[in-house]
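Student: I have a structure I would like to understand better, so I am pasting it below and will then ask my questions one at a time.
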Amino acid sequence: MARPQDLPRGFFPFGNPFKNLSSKNSVLPSKLLSLLNTFETNLASSVRNLVPKEKSQILTVSWMKLAMESLCETHNSIKTLITDLELPVSDWEDKWVDVYLDISVKLLDLCNAFSSELTRLNQGHLLLQFALHNLEANSPQNLSKAQSSLDSWKKHIGSKNPRIENCRAIMSSLVQTLNLPKVKNSAKGKVLMRALYGVKVKTLYISGVFAAAFSGSSQNLMYLTVSNELPWAQPFMEMQNTMNAEIKNIFLSEGLTVLKELEAVDSGVQKLYPAIQQGSVDPISLQPLKDSVTALSDGLDLVSKEVDCFFKILLSGRDTLLENLRSMGASTILATSPRKAAGKKF
């Protein structure tokens, strides 16, 4: 996880695509309005739960786990909404399908990038465990090995991950998809597109926080503007403003990394260096480092599980859509083939 000393710039501002979804001149049927209201109320609640209560919770693996868990719930909710709307794929316009497939493949790419970084960070755990083992032995030879392992860990953590470096380009292209296609003759389509807009805004912002935390670069952080007409706008802006303000300060600090649990491990390592160089380490002084190493490893495992869950949800939705499209194609062939329609064998 490289930590370039860049200034907190590089946010992604954009216009208000909600104007394409405004329905001031049209009235949704009560059932559809109820479904939309329920979805957006739940979305607002889920975003509100992500607003950090303390500054110390920002850029922690515990918040990242909570955020990814929340994304899983939201993306499952959109699948449920599609079912409740009774909107089969056969009723989807081609542009809706294109938007869904394009977004899903980009989000899968982001998941792969995040998973690769979590795996890379966890690989550093072996170096820390080996170092702790040698520190406990507390002999000159073992202390030398411990320092070598700790130096290797710092080098490993400070290195760059090419997949994370590519996240900015992926997210930049996702920003463009926020300008959703207009829906003219389908009330259900309007509900779906407006719901998808909320899902994408939430997903995009959280992805930006992940990319910023993993890359150590504020260039991946986003600032997204949304219409005040949306029920979830207020909690979203509160989350974004709270997070971004503190993340700006974190990026201005000097440190190996911006992720709190990683910083705690690095701090513990720095405190032990003088004793290691003097040739004797008090076993009691090792406990803070042991605790921070355990907290980091356990936290990364939990985040990894949630990222994997999110990946599976995205893949399942994409596969279901493609399977339905294939089935529609087969049905069309059967319906339009005179020979097969007549039941003739050739």
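Going through the structure tokens in order, the chains are called A, B, and so on, while each chain numbers its residues from 1 and the ligands are numbered from 1 in the order shown.
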Which residues of segment 109-194 of chain A sit at most 12 Å from segment 199-214 of chain A, using only C-alpha atoms? Give each one's shortest atom pair and distance in Å (one decimal place), in chain and ascending residue order, as JSON lines.

Tutor:
{"residue": "A:Asp109", "atom": "CA", "partner": "A:Ser207", "partner_atom": "CA", "distance": 11.3}
{"residue": "A:Leu110", "atom": "CA", "partner": "A:Ser207", "partner_atom": "CA", "distance": 7.7}
{"residue": "A:Cys111", "atom": "CA", "partner": "A:Ser207", "partner_atom": "CA", "distance": 9.0}
{"residue": "A:Asn112", "atom": "CA", "partner": "A:Ala211", "partner_atom": "CA", "distance": 11.9}
{"residue": "A:Ala113", "atom": "CA", "partner": "A:Ala211", "partner_atom": "CA", "distance": 8.9}
{"residue": "A:Phe114", "atom": "CA", "partner": "A:Phe210", "partner_atom": "CA", "distance": 7.6}
{"residue": "A:Ser115", "atom": "CA", "partner": "A:Phe214", "partner_atom": "CA", "distance": 10.8}
{"residue": "A:Ser116", "atom": "CA", "partner": "A:Phe214", "partner_atom": "CA", "distance": 10.5}
{"residue": "A:Glu117", "atom": "CA", "partner": "A:Phe214", "partner_atom": "CA", "distance": 7.1}
{"residue": "A:Leu118", "atom": "CA", "partner": "A:Phe214", "partner_atom": "CA", "distance": 8.7}
{"residue": "A:Thr119", "atom": "CA", "partner": "A:Phe214", "partner_atom": "CA", "distance": 11.8}
{"residue": "A:Arg120", "atom": "CA", "partner": "A:Phe214", "partner_atom": "CA", "distance": 10.6}
{"residue": "A:Leu121", "atom": "CA", "partner": "A:Phe214", "partner_atom": "CA", "distance": 9.5}
{"residue": "A:Ile157", "atom": "CA", "partner": "A:Phe214", "partner_atom": "CA", "distance": 10.1}
{"residue": "A:Gly158", "atom": "CA", "partner": "A:Phe214", "partner_atom": "CA", "distance": 10.5}
{"residue": "A:Ser159", "atom": "CA", "partner": "A:Phe214", "partner_atom": "CA", "distance": 10.9}
{"residue": "A:Lys160", "atom": "CA", "partner": "A:Phe214", "partner_atom": "CA", "distance": 9.3}
{"residue": "A:Asn161", "atom": "CA", "partner": "A:Phe214", "partner_atom": "CA", "distance": 8.8}
{"residue": "A:Pro162", "atom": "CA", "partner": "A:Phe214", "partner_atom": "CA", "distance": 11.3}
{"residue": "A:Arg163", "atom": "CA", "partner": "A:Ala211", "partner_atom": "CA", "distance": 10.1}
{"residue": "A:Ile164", "atom": "CA", "partner": "A:Ala211", "partner_atom": "CA", "distance": 6.6}
{"residue": "A:Glu165", "atom": "CA", "partner": "A:Ala211", "partner_atom": "CA", "distance": 8.5}
{"residue": "A:Asn166", "atom": "CA", "partner": "A:Ala211", "partner_atom": "CA", "distance": 9.5}
{"residue": "A:Cys167", "atom": "CA", "partner": "A:Ala211", "partner_atom": "CA", "distance": 6.6}
{"residue": "A:Arg168", "atom": "CA", "partner": "A:Ala211", "partner_atom": "CA", "distance": 7.8}
{"residue": "A:Ala169", "atom": "CA", "partner": "A:Ala211", "partner_atom": "CA", "distance": 11.2}
{"residue": "A:Ile170", "atom": "CA", "partner": "A:Leu204", "partner_atom": "CA", "distance": 10.2}
{"residue": "A:Met171", "atom": "CA", "partner": "A:Leu204", "partner_atom": "CA", "distance": 7.0}
{"residue": "A:Ser172", "atom": "CA", "partner": "A:Leu204", "partner_atom": "CA", "distance": 9.6}
{"residue": "A:Ser173", "atom": "CA", "partner": "A:Leu204", "partner_atom": "CA", "distance": 10.7}
{"residue": "A:Leu174", "atom": "CA", "partner": "A:Leu204", "partner_atom": "CA", "distance": 7.5}
{"residue": "A:Val175", "atom": "CA", "partner": "A:Leu204", "partner_atom": "CA", "distance": 7.7}
{"residue": "A:Gln176", "atom": "CA", "partner": "A:Lys200", "partner_atom": "CA", "distance": 11.0}
{"residue": "A:Thr177", "atom": "CA", "partner": "A:Lys200", "partner_atom": "CA", "distance": 8.7}
{"residue": "A:Leu178", "atom": "CA", "partner": "A:Lys200", "partner_atom": "CA", "distance": 7.2}
{"residue": "A:Asn179", "atom": "CA", "partner": "A:Lys200", "partner_atom": "CA", "distance": 10.7}
{"residue": "A:Leu180", "atom": "CA", "partner": "A:Lys200", "partner_atom": "CA", "distance": 10.4}
{"residue": "A:Leu192", "atom": "CA", "partner": "A:Val199", "partner_atom": "CA", "distance": 10.5}
{"residue": "A:Met193", "atom": "CA", "partner": "A:Val199", "partner_atom": "CA", "distance": 9.9}
{"residue": "A:Arg194", "atom": "CA", "partner": "A:Val199", "partner_atom": "CA", "distance": 8.9}

Student: Would you list the contacts of Cys309 of chain A as a count of residues only, taking every protein, DNA or RNA residue within 12 Å and counting only C-alpha atoms, but skipping same-chain residues closer than 3 positions in sequence?

Tutor: 23

Student: Which is closer to Asp98 of chain A than all the others in A:Phe310, A:Arg326, A:Leu289, A:Arg318, using only C-alpha atoms?

Tutor: A:Arg318

Student: Could you pull out the alpha helix (DSSP H) residues of segment 37-221 of chain A, going by DSSP on the backbone, and write them as number ranges by chain?

Tutor: A: 37-48, 61-84, 94-137, 140-158, 162-165, 167-176, 187-215
